[in-house]
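*Asks:* Dropping in target11.txt, which is compact mmCIF, C-alpha atoms:
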```txt
# COMPACT_ATOMS: atom_id res chain seq x y z
CA MET W 1 74.88 103.37 111.26
CA GLU W 2 76.34 104.23 114.56
CA LYS W 3 79.50 106.24 114.81
CA GLU W 4 81.40 103.22 116.15
CA GLU W 5 80.34 101.10 113.18
CA LEU W 6 81.52 103.79 110.77
CA ILE W 7 84.91 103.91 112.49
CA ILE W 8 85.24 100.12 112.42
CA ASN W 9 84.29 100.02 108.73
CA ARG W 10 86.84 102.72 107.95
CA ILE W 11 89.55 100.85 109.85
CA ASP W 12 88.68 97.67 107.92
CA ASP W 13 88.96 99.62 104.66
CA LEU W 14 92.36 100.95 105.70
CA LYS W 15 93.54 97.44 106.59
CA GLN W 16 92.59 96.27 103.09
CA ASP W 17 94.40 99.23 101.52
CA ILE W 18 97.53 98.53 103.56
CA SER W 19 97.43 94.85 102.62
CA PHE W 20 97.17 95.78 98.94
CA ILE W 21 100.13 98.14 99.23
CA LYS W 22 102.22 95.53 101.04
CA GLU W 23 101.49 92.97 98.32
CA HIS W 24 102.50 95.32 95.52
CA ILE W 25 105.44 97.18 96.99
CA ILE W 26 108.78 96.50 95.34
CA ASP W 27 112.07 96.56 97.19
CA ILE W 28 114.33 98.56 94.92
CA THR W 29 118.08 98.64 95.17
CA LEU W 30 119.62 101.56 93.34
CA THR W 31 122.83 101.01 91.41
CA GLN W 32 125.57 103.62 91.36
CA GLU W 33 124.48 104.47 87.81
CA ASP W 34 120.93 105.12 89.10
CA ILE W 35 122.26 107.35 91.87
CA ASP W 36 124.46 109.27 89.42
CA SER W 37 121.47 109.80 87.11
CA LEU W 38 119.34 111.09 89.98
CA ASN W 39 122.10 113.45 91.10
CA GLU W 40 122.48 114.75 87.56
CA ALA W 41 118.73 115.31 87.26
CA GLU W 42 118.67 117.19 90.58
CA GLU W 43 121.55 119.38 89.40
CA ASP W 44 119.71 120.13 86.15
CA LEU W 45 116.65 121.08 88.21
CA ARG W 46 118.73 123.45 90.37
CA LYS W 47 120.24 125.04 87.24
CA GLY W 48 116.79 125.47 85.74
CA THR W 49 117.61 123.43 82.64
CA THR W 50 114.75 121.08 83.41
CA LYS W 51 111.55 121.08 85.41
CA ARG W 52 109.85 118.68 87.77
CA LEU W 53 107.12 116.57 86.17
```
Would you write out, as structure tokens, the structure that this file holds?

*Replies:*
Amino acid sequence: MEKEELIINRIDDLKQDISFIKEHIIDITLTQEDIDSLNEAEEDLRKGTTKRL
């Protein structure tokens, strides 16, 4: 294959990947409870009482 064909094939692959991601992405709205839980988890991480997974 020529270099140009490889580039075009790779771009086509990336287009398919992006289309898949767009179809499966979820728009998430965090509640105040979610935000509070995240803040608490970050504080625990800073204190060293938990670790990142």

*Asks:* Find the distance between atom CA of W:Lys15 and atom CA of W:Glu2 and write it in Å to one decimal.

*Replies:*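 Going from atom CA of W:Lys15 over to atom CA of W:Glu2 covers 20.1 Å.
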
*Asks:* Can you tell me, as AutoDock Vina command-line options, the centre and edge lengths (Å, one decimal) of the axis-aligned box enclosing all of stretch 39-52 of chain W's listed atoms after padding each side by 5 Å?

*Replies:*
```
--center_x 116.2 --center_y 119.5 --center_z 86.9 --size_x 22.6 --size_y 22.0 --size_z 18.5
```

*Asks:* Would you work out the distance separating atom CA of W:Asn9 from atom CA of W:Ile25, expressed in Å to one decimal?

*Replies:*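 These atoms are spaced 24.4 Å apart.
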
*Asks:* What is the atom CA of W:Leu53-atom CA of W:Ala41 distance in Å, reported with one decimal?

*Replies:* 11.7 Å

*Asks:* Write stretch 21-51 of chain W as a compact mmCIF listing (two decimals), in the frame of the given file, completed to N, CA and C atoms.

*Replies:*
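What landed in out.txt:
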```
# COMPACT_ATOMS: atom_id res chain seq x y z
N ILE W 21 98.84 97.47 99.41
CA ILE W 21 100.13 98.14 99.23
C ILE W 21 101.28 97.19 99.55
N LYS W 22 101.16 96.46 100.64
CA LYS W 22 102.22 95.53 101.04
C LYS W 22 102.44 94.45 99.99
N GLU W 23 101.38 94.01 99.35
CA GLU W 23 101.49 92.97 98.32
C GLU W 23 102.17 93.48 97.06
N HIS W 24 102.02 94.78 96.78
CA HIS W 24 102.50 95.32 95.52
C HIS W 24 103.75 96.20 95.62
N ILE W 25 104.25 96.36 96.82
CA ILE W 25 105.44 97.18 96.99
C ILE W 25 106.65 96.41 96.47
N ILE W 26 107.58 97.12 95.90
CA ILE W 26 108.78 96.50 95.34
C ILE W 26 109.98 97.04 96.10
N ASP W 27 110.83 96.15 96.53
CA ASP W 27 112.07 96.56 97.19
C ASP W 27 113.08 96.87 96.10
N ILE W 28 113.44 98.12 95.99
CA ILE W 28 114.33 98.56 94.92
C ILE W 28 115.71 98.86 95.48
N THR W 29 116.71 98.32 94.83
CA THR W 29 118.08 98.64 95.17
C THR W 29 118.65 99.46 94.03
N LEU W 30 119.08 100.68 94.36
CA LEU W 30 119.62 101.56 93.34
C LEU W 30 121.08 101.22 93.06
N THR W 31 121.43 101.20 91.78
CA THR W 31 122.83 101.01 91.41
C THR W 31 123.53 102.36 91.47
N GLN W 32 124.82 102.35 91.38
CA GLN W 32 125.57 103.62 91.36
C GLN W 32 125.18 104.44 90.14
N GLU W 33 124.91 103.77 89.03
CA GLU W 33 124.48 104.47 87.81
C GLU W 33 123.14 105.18 88.06
N ASP W 34 122.22 104.51 88.76
CA ASP W 34 120.93 105.12 89.10
C ASP W 34 121.13 106.36 89.97
N ILE W 35 121.99 106.23 90.96
CA ILE W 35 122.26 107.35 91.87
C ILE W 35 122.89 108.51 91.12
N ASP W 36 123.82 108.21 90.23
CA ASP W 36 124.46 109.27 89.42
C ASP W 36 123.42 109.97 88.55
N SER W 37 122.52 109.21 87.96
CA SER W 37 121.47 109.80 87.11
C SER W 37 120.55 110.70 87.92
N LEU W 38 120.19 110.27 89.12
CA LEU W 38 119.34 111.09 89.98
C LEU W 38 120.05 112.37 90.39
N ASN W 39 121.32 112.26 90.74
CA ASN W 39 122.10 113.45 91.10
C ASN W 39 122.20 114.43 89.94
N GLU W 40 122.41 113.90 88.74
CA GLU W 40 122.48 114.75 87.56
C GLU W 40 121.14 115.45 87.30
N ALA W 41 120.06 114.72 87.46
CA ALA W 41 118.73 115.31 87.26
C ALA W 41 118.45 116.40 88.29
N GLU W 42 118.86 116.17 89.55
CA GLU W 42 118.67 117.19 90.58
C GLU W 42 119.50 118.44 90.28
N GLU W 43 120.70 118.25 89.77
CA GLU W 43 121.55 119.38 89.40
C GLU W 43 120.92 120.17 88.25
N ASP W 44 120.40 119.47 87.26
CA ASP W 44 119.71 120.13 86.15
C ASP W 44 118.51 120.93 86.67
N LEU W 45 117.80 120.39 87.64
CA LEU W 45 116.65 121.08 88.21
C LEU W 45 117.11 122.35 88.92
N ARG W 46 118.20 122.26 89.68
CA ARG W 46 118.73 123.45 90.37
C ARG W 46 119.17 124.52 89.38
N LYS W 47 119.78 124.10 88.26
CA LYS W 47 120.24 125.04 87.24
C LYS W 47 119.07 125.65 86.45
N GLY W 48 117.94 125.00 86.50
CA GLY W 48 116.79 125.47 85.74
C GLY W 48 116.77 124.98 84.31
N THR W 49 117.58 123.98 84.01
CA THR W 49 117.61 123.43 82.64
C THR W 49 116.56 122.36 82.44
N THR W 50 115.85 122.04 83.49
CA THR W 50 114.75 121.08 83.41
C THR W 50 113.71 121.45 84.44
N LYS W 51 112.57 120.80 84.41
CA LYS W 51 111.55 121.08 85.41
C LYS W 51 110.99 119.78 85.94
```
